[in-house]
>>> print(open('data.cif').read())   # mmCIF, C-alpha atoms and all ligand atoms
data_final
#
loop_
_atom_site.label_atom_id
_atom_site.label_comp_id
_atom_site.auth_asym_id
_atom_site.auth_seq_id
_atom_site.Cartn_x
_atom_site.Cartn_y
_atom_site.Cartn_z
CA MET V 1 -14.39 -17.75 13.48
CA ARG V 2 -15.01 -14.57 15.47
CA LEU V 3 -13.05 -13.16 18.41
CA LYS V 4 -16.13 -12.92 20.63
CA ASP V 5 -16.59 -16.70 20.45
CA THR V 6 -13.07 -17.36 21.75
CA GLY V 7 -13.19 -15.44 25.05
CA LEU V 8 -9.89 -13.76 24.07
CA THR V 9 -9.21 -10.01 24.09
CA PRO V 10 -7.71 -8.44 20.94
CA LYS V 11 -4.37 -8.14 22.75
CA GLU V 12 -4.40 -11.81 23.78
CA LEU V 13 -5.05 -12.85 20.18
CA LYS V 14 -2.21 -10.67 18.90
CA ASP V 15 0.10 -12.09 21.60
CA ILE V 16 -0.67 -15.62 20.40
CA VAL V 17 0.26 -14.60 16.86
CA GLY V 18 3.49 -13.00 18.12
CA LYS V 19 4.42 -16.07 20.14
CA TYR V 20 3.46 -18.88 17.76
CA MET V 21 3.57 -17.62 14.19
CA VAL V 22 6.66 -17.05 12.08
CA GLU V 23 6.25 -13.38 11.28
CA THR V 24 7.38 -12.33 7.81
CA TYR V 25 4.61 -9.74 7.59
CA GLU V 26 4.54 -6.29 9.09
CA ARG V 27 1.05 -6.52 10.59
CA TYR V 28 -1.69 -3.97 10.11
CA ASP V 29 -2.99 -3.49 13.64
CA PHE V 30 -6.55 -4.78 13.28
CA ILE V 31 -8.31 -8.13 13.33
CA ALA V 32 -10.05 -8.88 10.02
CA GLU V 33 -13.23 -10.75 10.84
CA ARG V 34 -15.69 -10.25 8.01
CA ALA V 35 -15.62 -8.94 4.46
CA GLU V 36 -18.21 -7.93 1.88
CA GLY V 37 -17.84 -6.16 -1.45
CA MET V 38 -15.45 -3.22 -1.00
CA TYR V 39 -15.23 -3.51 2.79
CA ILE V 40 -13.41 -5.50 5.48
CA TYR V 41 -14.76 -5.36 9.04
CA ASP V 42 -12.78 -5.69 12.27
CA GLU V 43 -13.91 -7.28 15.53
CA GLU V 44 -15.61 -4.05 16.63
CA GLY V 45 -17.50 -3.74 13.35
CA ASN V 46 -15.34 -0.90 11.94
CA ALA V 47 -15.52 -0.92 8.13
CA TYR V 48 -12.23 -0.57 6.21
CA LEU V 49 -12.50 0.58 2.60
CA ASP V 50 -10.45 -1.99 0.72
CA PHE V 51 -7.97 -0.75 -1.89
CA TYR V 52 -5.76 -3.79 -1.20
CA GLY V 53 -8.16 -6.44 -2.51
CA GLY V 54 -6.41 -9.25 -0.61
CA VAL V 55 -3.37 -8.34 -2.78
CA ALA V 56 -5.31 -8.23 -6.06
CA VAL V 57 -7.19 -11.44 -5.22
CA ASN V 58 -10.74 -10.38 -4.39
CA SER V 59 -11.36 -8.90 -7.84
CA PRO V 60 -15.08 -9.72 -8.11
CA GLY V 61 -15.45 -8.20 -4.61
CA ASN V 62 -14.75 -9.55 -1.14
CA ARG V 63 -16.89 -12.67 -0.61
CA ASN V 64 -18.54 -12.26 -3.98
CA GLU V 65 -21.98 -13.86 -3.78
CA ARG V 66 -21.56 -16.02 -6.89
CA VAL V 67 -18.20 -17.34 -5.64
CA VAL V 68 -19.60 -18.03 -2.16
CA GLU V 69 -22.63 -19.87 -3.58
CA ALA V 70 -20.42 -21.95 -5.88
CA VAL V 71 -18.25 -23.01 -2.94
CA LYS V 72 -21.28 -23.86 -0.78
CA GLU V 73 -22.83 -25.91 -3.57
CA GLN V 74 -19.59 -27.75 -4.23
CA LEU V 75 -19.11 -28.42 -0.48
CA ASP V 76 -22.31 -30.48 -0.53
CA ASP V 77 -20.85 -32.74 -3.22
CA ILE V 78 -17.08 -33.18 -2.99
CA MET V 79 -14.26 -31.08 -1.47
CA HIS V 80 -11.22 -32.87 -2.77
CA THR V 81 -10.47 -35.98 -4.71
CA PHE V 82 -7.39 -37.48 -6.34
CA ASN V 83 -6.63 -36.18 -9.81
CA TYR V 84 -7.53 -39.35 -11.74
CA PRO V 85 -11.32 -39.23 -12.01
CA TYR V 86 -12.93 -36.53 -14.17
CA THR V 87 -14.59 -33.69 -12.23
CA VAL V 88 -17.07 -31.11 -13.48
CA PRO V 89 -15.43 -28.00 -11.89
CA GLN V 90 -12.02 -28.83 -13.41
CA ALA V 91 -13.49 -29.43 -16.86
CA LEU V 92 -15.74 -26.35 -17.01
CA LEU V 93 -13.02 -24.08 -15.66
CA ALA V 94 -10.45 -25.40 -18.15
CA LYS V 95 -12.75 -24.68 -21.10
CA LYS V 96 -13.75 -21.24 -19.80
CA ILE V 97 -10.17 -20.11 -19.21
CA CYS V 98 -8.60 -21.56 -22.36
CA ASP V 99 -11.40 -20.24 -24.61
CA THR V 100 -11.30 -16.76 -23.06
CA ALA V 101 -7.50 -16.48 -22.95
CA PHE V 102 -6.90 -18.01 -26.43
CA MET V 103 -4.82 -20.81 -24.93
CA ASN V 104 -4.97 -24.56 -25.63
CA LYS V 105 -4.24 -26.31 -22.34
CA ILE V 106 -4.27 -25.60 -18.61
CA PHE V 107 -2.43 -27.18 -15.67
CA TYR V 108 -3.85 -26.39 -12.22
CA GLN V 109 -1.63 -25.36 -9.32
CA ASN V 110 -2.26 -23.85 -5.88
CA SER V 111 -0.60 -20.44 -6.00
CA GLY V 112 1.13 -17.86 -8.16
CA ALA V 113 4.61 -19.15 -7.40
CA GLU V 114 3.57 -22.70 -8.25
CA ALA V 115 1.96 -21.52 -11.47
CA ASN V 116 5.28 -19.92 -12.44
CA GLU V 117 7.16 -23.03 -11.36
CA CYS V 118 4.98 -25.02 -13.76
CA MET V 119 5.57 -22.53 -16.58
CA ILE V 120 9.35 -22.50 -16.02
CA LYS V 121 9.43 -26.32 -15.99
CA MET V 122 7.38 -26.50 -19.20
CA ALA V 123 9.66 -24.00 -20.95
CA ARG V 124 12.87 -25.76 -19.85
CA LYS V 125 11.58 -29.17 -20.88
CA TYR V 126 10.36 -27.76 -24.19
CA GLY V 127 13.87 -26.44 -24.85
CA ILE V 128 15.73 -29.58 -23.79
CA ASP V 129 13.35 -32.04 -25.50
CA ASN V 130 13.32 -30.11 -28.77
CA PHE V 131 16.79 -28.57 -29.02
CA GLY V 132 19.19 -30.40 -26.69
CA PRO V 133 20.36 -30.49 -23.07
CA GLU V 134 21.79 -26.95 -22.86
CA ARG V 135 18.80 -25.05 -24.20
CA TYR V 136 16.96 -24.22 -20.98
CA HIS V 137 17.99 -20.65 -20.21
CA ILE V 138 15.37 -18.00 -19.51
CA ILE V 139 15.76 -14.21 -19.53
CA THR V 140 13.62 -12.32 -17.03
CA ALA V 141 13.39 -8.64 -16.11
CA LYS V 142 15.35 -6.79 -13.47
CA ASN V 143 13.12 -5.70 -10.59
CA SER V 144 10.59 -8.43 -11.43
CA PHE V 145 8.78 -10.59 -8.90
CA HIS V 146 7.71 -14.14 -9.66
CA GLY V 147 7.24 -15.77 -6.24
CA ARG V 148 9.04 -17.55 -3.45
CA THR V 149 9.64 -21.15 -4.54
CA TYR V 150 13.17 -21.77 -5.81
CA GLY V 151 12.44 -21.58 -9.54
CA ALA V 152 10.28 -18.49 -9.09
CA MET V 153 12.88 -16.95 -6.74
CA ALA V 154 15.61 -17.51 -9.31
CA ALA V 155 13.38 -15.96 -11.99
CA THR V 156 12.87 -12.91 -9.79
CA GLY V 157 15.33 -10.30 -11.02
CA GLN V 158 16.34 -8.95 -7.63
CA PRO V 159 19.56 -10.79 -6.65
CA GLU V 160 20.36 -8.40 -3.80
CA SER V 161 16.91 -8.36 -2.23
CA ALA V 162 15.49 -10.33 0.71
CA VAL V 163 13.75 -12.61 -1.81
CA GLN V 164 17.07 -14.26 -2.78
CA LYS V 165 19.70 -13.19 -0.26
CA SER V 166 21.11 -15.86 2.12
CA PHE V 167 19.16 -18.68 0.52
CA GLY V 168 22.21 -20.18 -1.18
CA ALA V 169 22.59 -21.02 -4.84
CA MET V 170 19.63 -20.19 -7.03
CA LEU V 171 18.35 -22.44 -9.83
CA PRO V 172 20.83 -21.93 -12.69
CA GLY V 173 19.82 -20.78 -16.17
CA PHE V 174 18.41 -17.31 -15.50
CA SER V 175 19.73 -13.96 -16.66
CA TYR V 176 18.18 -10.56 -16.13
CA ALA V 177 17.63 -7.63 -18.46
CA GLU V 178 16.26 -4.15 -17.94
CA PHE V 179 12.46 -3.96 -18.11
CA ASN V 180 11.14 -1.99 -21.09
CA ASN V 181 14.59 -2.12 -22.73
CA LEU V 182 14.30 -4.32 -25.81
CA GLU V 183 17.96 -3.93 -26.75
CA ASP V 184 19.07 -5.17 -23.34
CA PHE V 185 16.85 -8.25 -23.68
CA ALA V 186 18.17 -8.88 -27.20
CA SER V 187 21.76 -8.59 -25.95
CA LYS V 188 21.18 -11.31 -23.33
CA VAL V 189 19.96 -13.92 -25.87
CA THR V 190 22.39 -16.81 -26.38
CA GLU V 191 22.17 -20.12 -28.26
CA ASN V 192 20.96 -21.63 -24.96
CA THR V 193 18.07 -19.23 -24.39
CA ILE V 194 14.68 -20.88 -24.70
CA ALA V 195 12.36 -18.23 -23.27
CA ILE V 196 11.73 -14.69 -22.12
CA LEU V 197 9.54 -14.26 -19.06
CA ILE V 198 8.04 -10.94 -17.95
CA GLU V 199 5.12 -9.45 -16.02
CA PRO V 200 3.11 -7.21 -18.41
CA VAL V 201 2.95 -4.76 -15.52
CA GLN V 202 5.59 -5.12 -12.81
CA GLY V 203 3.47 -5.03 -9.67
CA GLU V 204 5.66 -5.75 -6.65
CA GLY V 205 8.51 -3.91 -8.41
CA GLY V 206 6.72 -0.56 -8.04
CA VAL V 207 3.95 -0.67 -10.68
CA HIS V 208 5.70 -0.30 -14.04
CA PRO V 209 3.62 -1.12 -17.13
CA ALA V 210 5.38 -2.60 -20.15
CA ARG V 211 5.41 -0.26 -23.11
CA GLN V 212 3.47 -1.42 -26.19
CA GLU V 213 6.55 -1.45 -28.44
CA PHE V 214 8.52 -3.40 -25.80
CA ILE V 215 5.94 -6.20 -25.65
CA GLU V 216 5.63 -6.29 -29.44
CA GLY V 217 9.41 -6.28 -29.75
CA LEU V 218 9.77 -9.21 -27.33
CA ARG V 219 7.25 -11.24 -29.36
CA LYS V 220 9.25 -10.58 -32.52
CA LEU V 221 12.56 -11.36 -30.81
CA CYS V 222 11.17 -14.68 -29.55
CA ASP V 223 9.81 -15.59 -32.98
CA GLU V 224 13.13 -14.79 -34.66
CA HIS V 225 15.10 -17.01 -32.26
CA GLY V 226 12.61 -19.86 -31.80
CA MET V 227 12.11 -18.83 -28.17
CA LEU V 228 8.97 -18.87 -26.06
CA LEU V 229 7.35 -15.72 -24.72
CA LEU V 230 6.06 -16.31 -21.20
CA PHE V 231 3.87 -13.88 -19.25
CA ASP V 232 3.47 -13.92 -15.50
CA GLU V 233 -0.12 -12.69 -15.11
CA VAL V 234 -0.47 -13.74 -11.47
CA GLN V 235 -1.22 -10.14 -10.50
CA THR V 236 -2.41 -8.69 -13.81
CA GLY V 237 -4.68 -11.55 -14.89
CA TRP V 238 -8.47 -11.63 -14.95
CA GLY V 239 -9.64 -8.08 -15.45
CA ARG V 240 -7.14 -6.16 -13.36
CA THR V 241 -5.55 -4.14 -16.19
CA GLY V 242 -8.72 -3.43 -18.17
CA ALA V 243 -8.71 -6.58 -20.31
CA PRO V 244 -9.45 -10.19 -19.28
CA MET V 245 -5.70 -10.90 -19.50
CA ALA V 246 -3.24 -8.01 -19.75
CA TYR V 247 -1.76 -9.40 -22.99
CA MET V 248 -5.18 -9.13 -24.62
CA GLY V 249 -5.01 -5.39 -23.97
CA TYR V 250 -1.60 -5.30 -25.69
CA GLY V 251 -2.78 -7.53 -28.54
CA VAL V 252 0.28 -9.77 -28.14
CA LYS V 253 -0.16 -13.48 -27.46
CA PRO V 254 2.35 -15.40 -25.33
CA ASP V 255 3.22 -19.09 -25.69
CA ALA V 256 2.35 -19.69 -22.04
CA VAL V 257 0.90 -17.64 -19.20
CA SER V 258 0.67 -18.09 -15.44
CA MET V 259 -2.28 -16.89 -13.37
CA ALA V 260 -3.59 -17.06 -9.79
CA LYS V 261 -4.99 -14.37 -7.44
CA ALA V 262 -8.20 -13.04 -9.13
CA MET V 263 -8.68 -16.39 -10.83
CA GLY V 264 -9.88 -17.89 -7.54
CA GLY V 265 -11.79 -14.83 -6.32
CA GLY V 266 -10.59 -15.55 -2.77
CA MET V 267 -9.90 -19.29 -2.94
CA PRO V 268 -6.29 -20.45 -3.37
CA ILE V 269 -5.67 -21.60 -6.92
CA GLY V 270 -3.20 -20.91 -9.72
CA ALA V 271 -2.62 -22.27 -13.19
CA CYS V 272 -0.30 -22.31 -16.14
CA CYS V 273 -1.93 -22.12 -19.58
CA ALA V 274 0.02 -22.91 -22.70
CA LEU V 275 -0.23 -23.44 -26.41
CA ASP V 276 -0.34 -27.10 -27.52
CA LYS V 277 3.30 -27.23 -28.66
CA VAL V 278 4.50 -26.21 -25.18
CA ALA V 279 1.97 -28.15 -23.11
CA ALA V 280 2.81 -31.30 -25.07
CA VAL V 281 6.08 -31.74 -23.13
CA PHE V 282 4.11 -32.66 -20.00
CA THR V 283 3.09 -36.29 -20.10
CA ALA V 284 2.24 -38.81 -17.37
CA GLY V 285 4.72 -38.55 -14.50
CA THR V 286 6.48 -35.34 -15.63
CA HIS V 287 4.55 -32.98 -13.36
CA GLY V 288 1.79 -33.20 -10.77
CA SER V 289 0.10 -31.67 -7.76
CA THR V 290 -1.99 -33.30 -5.04
CA TYR V 291 -4.18 -30.26 -4.50
CA GLY V 292 -3.86 -28.66 -7.94
CA GLY V 293 -7.37 -28.74 -9.42
CA HIS V 294 -9.01 -28.94 -5.97
CA ALA V 295 -12.77 -29.18 -6.50
CA LEU V 296 -13.71 -26.30 -4.18
CA ALA V 297 -11.02 -24.03 -5.61
CA CYS V 298 -12.03 -24.86 -9.20
CA ALA V 299 -15.72 -24.26 -8.46
CA ALA V 300 -14.81 -20.89 -6.91
CA ALA V 301 -12.54 -20.03 -9.84
CA TYR V 302 -15.23 -20.91 -12.39
CA ALA V 303 -17.59 -18.52 -10.58
CA SER V 304 -14.92 -15.82 -10.20
CA VAL V 305 -13.78 -15.85 -13.83
CA SER V 306 -17.41 -16.02 -15.05
CA GLU V 307 -18.37 -13.08 -12.84
CA ILE V 308 -15.44 -10.99 -14.10
CA ILE V 309 -16.35 -11.73 -17.72
CA ASP V 310 -20.17 -11.58 -17.45
CA LYS V 311 -20.16 -8.29 -15.50
CA ASP V 312 -17.44 -6.87 -17.75
CA LEU V 313 -15.36 -5.91 -14.71
CA SER V 314 -12.39 -5.31 -17.04
CA ARG V 315 -14.24 -2.26 -18.36
CA ASN V 316 -14.89 -0.96 -14.86
CA ALA V 317 -11.21 -1.59 -14.06
CA TYR V 318 -10.22 0.49 -17.07
CA GLU V 319 -12.64 3.35 -16.40
CA MET V 320 -12.08 3.53 -12.65
CA GLY V 321 -8.33 3.15 -13.12
CA GLU V 322 -8.24 6.13 -15.48
CA TYR V 323 -10.36 8.17 -13.06
CA MET V 324 -8.18 7.23 -10.07
CA LYS V 325 -4.96 8.13 -11.90
CA LYS V 326 -6.32 11.57 -12.81
CA GLN V 327 -7.36 12.29 -9.22
CA LEU V 328 -4.10 10.99 -7.73
CA ALA V 329 -2.06 13.25 -10.01
CA LEU V 330 -3.67 16.28 -8.32
CA LEU V 331 -2.47 15.33 -4.82
CA PRO V 332 0.48 17.12 -3.16
CA HIS V 333 3.98 15.58 -3.45
CA VAL V 334 2.89 13.24 -6.24
CA LYS V 335 5.76 12.89 -8.72
CA GLU V 336 4.29 10.24 -11.01
CA VAL V 337 1.15 8.14 -11.29
CA ARG V 338 1.54 4.86 -13.20
CA GLY V 339 -0.42 1.75 -13.99
CA ARG V 340 -2.94 0.00 -16.17
CA GLY V 341 -6.55 -0.44 -15.14
CA LEU V 342 -6.83 -0.91 -11.39
CA LEU V 343 -3.17 -1.69 -10.81
CA VAL V 344 -2.13 1.82 -9.90
CA GLY V 345 1.08 3.18 -8.39
CA CYS V 346 1.54 6.65 -6.96
CA GLU V 347 5.13 7.84 -6.51
CA TYR V 348 6.03 10.79 -4.24
CA ASP V 349 8.92 13.23 -4.37
CA ILE V 350 9.75 12.38 -0.70
CA PRO V 351 9.95 8.96 1.03
CA ILE V 352 6.55 8.95 2.73
CA ALA V 353 4.83 5.83 1.33
CA ALA V 354 4.84 3.82 4.59
CA GLU V 355 3.62 6.81 6.57
CA VAL V 356 0.83 7.48 4.04
CA LYS V 357 -0.19 3.81 4.21
CA HIS V 358 -0.45 4.05 8.02
CA GLY V 359 -2.26 7.39 7.80
CA CYS V 360 -4.83 5.78 5.52
CA LEU V 361 -5.13 2.77 7.83
CA ASP V 362 -5.82 5.10 10.79
CA ARG V 363 -8.62 6.57 8.66
CA LEU V 364 -9.94 3.08 7.76
CA VAL V 365 -8.70 2.89 4.18
CA LEU V 366 -6.40 0.05 3.10
CA ILE V 367 -3.61 0.68 0.56
CA THR V 368 -0.14 -0.85 0.11
CA ALA V 369 3.34 0.65 0.13
CA ILE V 370 6.18 -0.50 -2.12
CA GLY V 371 9.62 0.71 -1.10
CA ASP V 372 9.99 4.21 0.37
CA SER V 373 8.02 6.30 -2.04
CA VAL V 374 5.32 4.33 -3.88
CA ASN V 375 1.80 3.50 -2.76
CA ARG V 376 -0.08 0.91 -4.77
CA MET V 377 -3.85 0.62 -5.12
CA ILE V 378 -5.26 -2.76 -6.23
CA PRO V 379 -8.93 -2.72 -5.16
CA PRO V 380 -11.67 -5.16 -6.11
CA LEU V 381 -12.75 -4.39 -9.67
CA ILE V 382 -16.24 -3.36 -8.50
CA VAL V 383 -14.94 -0.09 -6.99
CA THR V 384 -17.05 3.03 -7.67
CA LYS V 385 -16.18 6.68 -8.36
CA LYS V 386 -17.56 7.65 -4.95
CA GLN V 387 -15.24 5.19 -3.23
CA ILE V 388 -12.29 6.53 -5.24
CA ASP V 389 -13.26 10.07 -4.20
CA LYS V 390 -13.11 8.93 -0.57
CA LEU V 391 -9.71 7.33 -1.13
CA ILE V 392 -8.42 10.57 -2.62
CA ARG V 393 -9.74 12.70 0.27
CA ILE V 394 -8.13 10.40 2.79
CA MET V 395 -4.85 10.09 0.91
CA ARG V 396 -4.64 13.89 0.71
CA ALA V 397 -4.92 14.15 4.50
CA ALA V 398 -2.46 11.27 5.02
CA ILE V 399 0.06 12.80 2.57
CA GLU V 400 -0.14 16.21 4.26
CA ASP V 401 0.46 14.65 7.70
CA ALA V 402 3.26 12.42 6.41
CA ALA V 403 5.01 15.31 4.64
CA GLU V 404 4.85 17.48 7.74
CA LYS V 405 6.37 14.68 9.82
CA TYR V 406 9.06 14.12 7.20
CA TYR V 407 10.08 17.80 7.13
CA ASP V 408 10.01 17.99 10.97
CA MET V 409 12.37 15.00 11.12
CA ASP V 410 14.55 16.52 8.42
CA MET V 411 14.90 19.76 10.40
CA ALA V 412 15.67 17.91 13.64
CA SER V 413 18.48 15.88 12.05
N1 LIG E 501 4.00 -13.44 -9.66
C1 LIG E 501 3.54 -12.19 -9.46
C2 LIG E 501 3.57 -11.21 -10.60
C3 LIG E 501 3.05 -11.81 -8.22
O1 LIG E 501 2.60 -10.56 -8.03
C4 LIG E 501 3.04 -12.77 -7.17
C5 LIG E 501 2.55 -12.38 -5.84
O2 LIG E 501 2.38 -11.25 -5.47
C6 LIG E 501 3.52 -14.04 -7.42
C7 LIG E 501 4.00 -14.35 -8.68
C8 LIG E 501 3.53 -15.09 -6.34
O3 LIG E 501 2.22 -15.52 -6.07
P1 LIG E 501 1.90 -16.33 -4.75
O4 LIG E 501 2.13 -15.42 -3.61
O5 LIG E 501 0.47 -16.76 -4.92
O6 LIG E 501 2.83 -17.50 -4.74
#
>>> encode(input="data.cif", output="structure tokens", more="lines below")
Ligand code: PLP
Amino acid sequence: MRLKDTGLTPKELKDIVGKYMVETYERYDFIAERAEGMYIYDEEGNAYLDFYGGVAVNSPGNRNERVVEAVKEQLDDIMHTFNYPYTVPQALLAKKICDTAFMNKIFYQNSGAEANECMIKMARKYGIDNFGPERYHIITAKNSFHGRTYGAMAATGQPESAVQKSFGAMLPGFSYAEFNNLEDFASKVTENTIAILIEPVQGEGGVHPARQEFIEGLRKLCDEHGMLLLFDEVQTGWGRTGAPMAYMGYGVKPDAVSMAKAMGGGMPIGACCALDKVAAVFTAGTHGSTYGGHALACAAAYASVSEIIDKDLSRNAYEMGEYMKKQLALLPHVKEVRGRGLLVGCEYDIPIAAEVKHGCLDRLVLITAIGDSVNRMIPPLIVTKKQIDKLIRIMRAAIEDAAEKYYDMDMAS
């Protein structure tokens, strides 16, 4: 739907949003009407260079042609059906994902939070069924983010943040340890612990990659205590970090993994994949989802995952990520550049991230801010060197403006 077909002015449309929608998002002040490849277009046809990627969703590119064609083709046949008949998109996608990710079984969900919910439920049931009623505890990382349903909220290691605060009691059975600190994780293990759950790269927490020895150490710790290693790859999965799944880049295999975002290439879908021994705890009636495995979403996901693999977008993610990190490190006020592949965080020595984000937006480049001093870049995995050069030029100007404003304010106070 386009604004010109509604008879509304941009202001009238924004007023409707303000009046009728629950606003948990700080809006970017433009109307997104069209998207293609690395660009999003507003109602006046202005092209925004997209380093946001629909929050790491549009990995094969905005409106990737193969994904769009797959959806159109599927629309002619069936949009949604109940989960009892066999369907081709579900079957082909299951095989593609499990074979590529070295997993045995998949359960389809609708989002990242739901995928984690499924993984948490599987792990808890695995513990209780196999070892008794108390063995359902899970250790997650401080500063993690796993989503906004109650299980995923409880797993999120940010008890004082807006994610958990004032929502009452969280799901019991979670404890939190310091990310990248193997000893802290080991110290939290009790006889009731059944699993450790981490993001291979903490995304929402400020872009912090797990260290190789940390991931390897967690695998060993889990093996020694008969615990499951669970990875939340909702943000890192499907090419983002330079490997199809981030754990493949680390060479460490989990017992179960959640995914969403890039998996659907722009259509809402998530999934939990697990090894047979874990997946076996789900039998008829133990878990379900009306929309999970939706035919359109599965057709889109089959196209998205195939495109990422066939075009080797992981490699581009790795190469462009390395290039971007090098260029970012040369910008003023940059204290640290972190990340893996095209999940890149840029931390400043002054709290200017929001101002830099707005400065880039004014110059038609989309990036995200995390906290006061980190900008995160998560573009589609098709990004080119030339587009990164443009990002860097624009960030330099935005940083210079933001720093000047910051020092002016500092002097005035
Ligand atoms: N897990 C991780 C690592 C995420 O980055 C996110 C979303 O940003 C989620 C879970 C939640 O996904 P969704 O918003 O699709 O529920």
>>> axis_aligned_box(input="data.cif", around="ligand LIG 501 (chain E)", padding_each_side="8 Å", output="JSON")
{"center_x": 2.2, "center_y": -14.0, "center_z": -7.1, "size_x": 19.5, "size_y": 22.9, "size_z": 23.0}
>>> closest_residue(input="data.cif", among="V:Thr140, V:Thr286, V:Ser373, V:Gln387", to="Tyr323 of chain V", atoms="only C-alpha atoms")
V:Gln387
>>> residues_around(input="data.cif", residues="Pro268 of chain V", least_positions_apart="5", cutoff="10 Å", atoms="only C-alpha atoms", output="ChimeraX atom specification")
/V:57,109-112,260-263,292,294,296-298,300-301
>>> residues_near_ligand(input="data.cif", ligand="ligand LIG 501 (chain E)", cutoff="8 Å", atoms="all atoms listed in the file", output="number ranges by chain")
V: 55, 110-116, 144-149, 152, 199, 202-204, 232-236, 260-261, 268, 270
>>> atom_distance(input="data.cif", atom1="atom CA of Glu347 of chain V", atom2="atom CA of Val334 of chain V")
5.9 Å
>>> residues_near_point(input="data.cif", point="(1.5, -7.0, -24.4)", cutoff="12 Å", atoms="only C-alpha atoms", output="PDB file with C-alpha atoms, in the frame of the given file")
ATOM      1  CA  ASN V 180      11.140  -1.990 -21.090  1.00  0.00           C
ATOM      2  CA  ILE V 198       8.040 -10.940 -17.950  1.00  0.00           C
ATOM      3  CA  GLU V 199       5.120  -9.450 -16.020  1.00  0.00           C
ATOM      4  CA  PRO V 200       3.110  -7.210 -18.410  1.00  0.00           C
ATOM      5  CA  VAL V 201       2.950  -4.760 -15.520  1.00  0.00           C
ATOM      6  CA  PRO V 209       3.620  -1.120 -17.130  1.00  0.00           C
ATOM      7  CA  ALA V 210       5.380  -2.600 -20.150  1.00  0.00           C
ATOM      8  CA  ARG V 211       5.410  -0.260 -23.110  1.00  0.00           C
ATOM      9  CA  GLN V 212       3.470  -1.420 -26.190  1.00  0.00           C
ATOM     10  CA  GLU V 213       6.550  -1.450 -28.440  1.00  0.00           C
ATOM     11  CA  PHE V 214       8.520  -3.400 -25.800  1.00  0.00           C
ATOM     12  CA  ILE V 215       5.940  -6.200 -25.650  1.00  0.00           C
ATOM     13  CA  GLU V 216       5.630  -6.290 -29.440  1.00  0.00           C
ATOM     14  CA  GLY V 217       9.410  -6.280 -29.750  1.00  0.00           C
ATOM     15  CA  LEU V 218       9.770  -9.210 -27.330  1.00  0.00           C
ATOM     16  CA  ARG V 219       7.250 -11.240 -29.360  1.00  0.00           C
ATOM     17  CA  LYS V 220       9.250 -10.580 -32.520  1.00  0.00           C
ATOM     18  CA  LEU V 229       7.350 -15.720 -24.720  1.00  0.00           C
ATOM     19  CA  LEU V 230       6.060 -16.310 -21.200  1.00  0.00           C
ATOM     20  CA  PHE V 231       3.870 -13.880 -19.250  1.00  0.00           C
ATOM     21  CA  ASP V 232       3.470 -13.920 -15.500  1.00  0.00           C
ATOM     22  CA  GLU V 233      -0.120 -12.690 -15.110  1.00  0.00           C
ATOM     23  CA  THR V 236      -2.410  -8.690 -13.810  1.00  0.00           C
ATOM     24  CA  THR V 241      -5.550  -4.140 -16.190  1.00  0.00           C
ATOM     25  CA  ALA V 243      -8.710  -6.580 -20.310  1.00  0.00           C
ATOM     26  CA  MET V 245      -5.700 -10.900 -19.500  1.00  0.00           C
ATOM     27  CA  ALA V 246      -3.240  -8.010 -19.750  1.00  0.00           C
ATOM     28  CA  TYR V 247      -1.760  -9.400 -22.990  1.00  0.00           C
ATOM     29  CA  MET V 248      -5.180  -9.130 -24.620  1.00  0.00           C
ATOM     30  CA  GLY V 249      -5.010  -5.390 -23.970  1.00  0.00           C
ATOM     31  CA  TYR V 250      -1.600  -5.300 -25.690  1.00  0.00           C
ATOM     32  CA  GLY V 251      -2.780  -7.530 -28.540  1.00  0.00           C
ATOM     33  CA  VAL V 252       0.280  -9.770 -28.140  1.00  0.00           C
ATOM     34  CA  LYS V 253      -0.160 -13.480 -27.460  1.00  0.00           C
ATOM     35  CA  PRO V 254       2.350 -15.400 -25.330  1.00  0.00           C
ATOM     36  CA  VAL V 257       0.900 -17.640 -19.200  1.00  0.00           C
ATOM     37  CA  ARG V 340      -2.940   0.000 -16.170  1.00  0.00           C
TER      38      ARG V 340
END
>>> atom_distance(input="data.cif", atom1="atom CA of Asn58 of chain V", atom2="atom CA of Gly264 of chain V")
8.2 Å
>>> atom_distance(input="data.cif", atom1="atom CA of Phe30 of chain V", atom2="atom CA of Leu364 of chain V")
10.2 Å
>>> residues_near_point(input="data.cif", point="(-4.6, 8.6, 6.7)", cutoff="9 Å", atoms="only C-alpha atoms", output="PDB file with C-alpha atoms, in the frame of the given file")
ATOM      1  CA  GLU V 355       3.620   6.810   6.570  1.00  0.00           C
ATOM      2  CA  VAL V 356       0.830   7.480   4.040  1.00  0.00           C
ATOM      3  CA  LYS V 357      -0.190   3.810   4.210  1.00  0.00           C
ATOM      4  CA  HIS V 358      -0.450   4.050   8.020  1.00  0.00           C
ATOM      5  CA  GLY V 359      -2.260   7.390   7.800  1.00  0.00           C
ATOM      6  CA  CYS V 360      -4.830   5.780   5.520  1.00  0.00           C
ATOM      7  CA  LEU V 361      -5.130   2.770   7.830  1.00  0.00           C
ATOM      8  CA  ASP V 362      -5.820   5.100  10.790  1.00  0.00           C
ATOM      9  CA  ARG V 363      -8.620   6.570   8.660  1.00  0.00           C
ATOM     10  CA  LEU V 364      -9.940   3.080   7.760  1.00  0.00           C
ATOM     11  CA  VAL V 365      -8.700   2.890   4.180  1.00  0.00           C
ATOM     12  CA  ILE V 394      -8.130  10.400   2.790  1.00  0.00           C
ATOM     13  CA  MET V 395      -4.850  10.090   0.910  1.00  0.00           C
ATOM     14  CA  ARG V 396      -4.640  13.890   0.710  1.00  0.00           C
ATOM     15  CA  ALA V 397      -4.920  14.150   4.500  1.00  0.00           C
ATOM     16  CA  ALA V 398      -2.460  11.270   5.020  1.00  0.00           C
ATOM     17  CA  ILE V 399       0.060  12.800   2.570  1.00  0.00           C
ATOM     18  CA  ASP V 401       0.460  14.650   7.700  1.00  0.00           C
ATOM     19  CA  ALA V 402       3.260  12.420   6.410  1.00  0.00           C
TER      20      ALA V 402
END
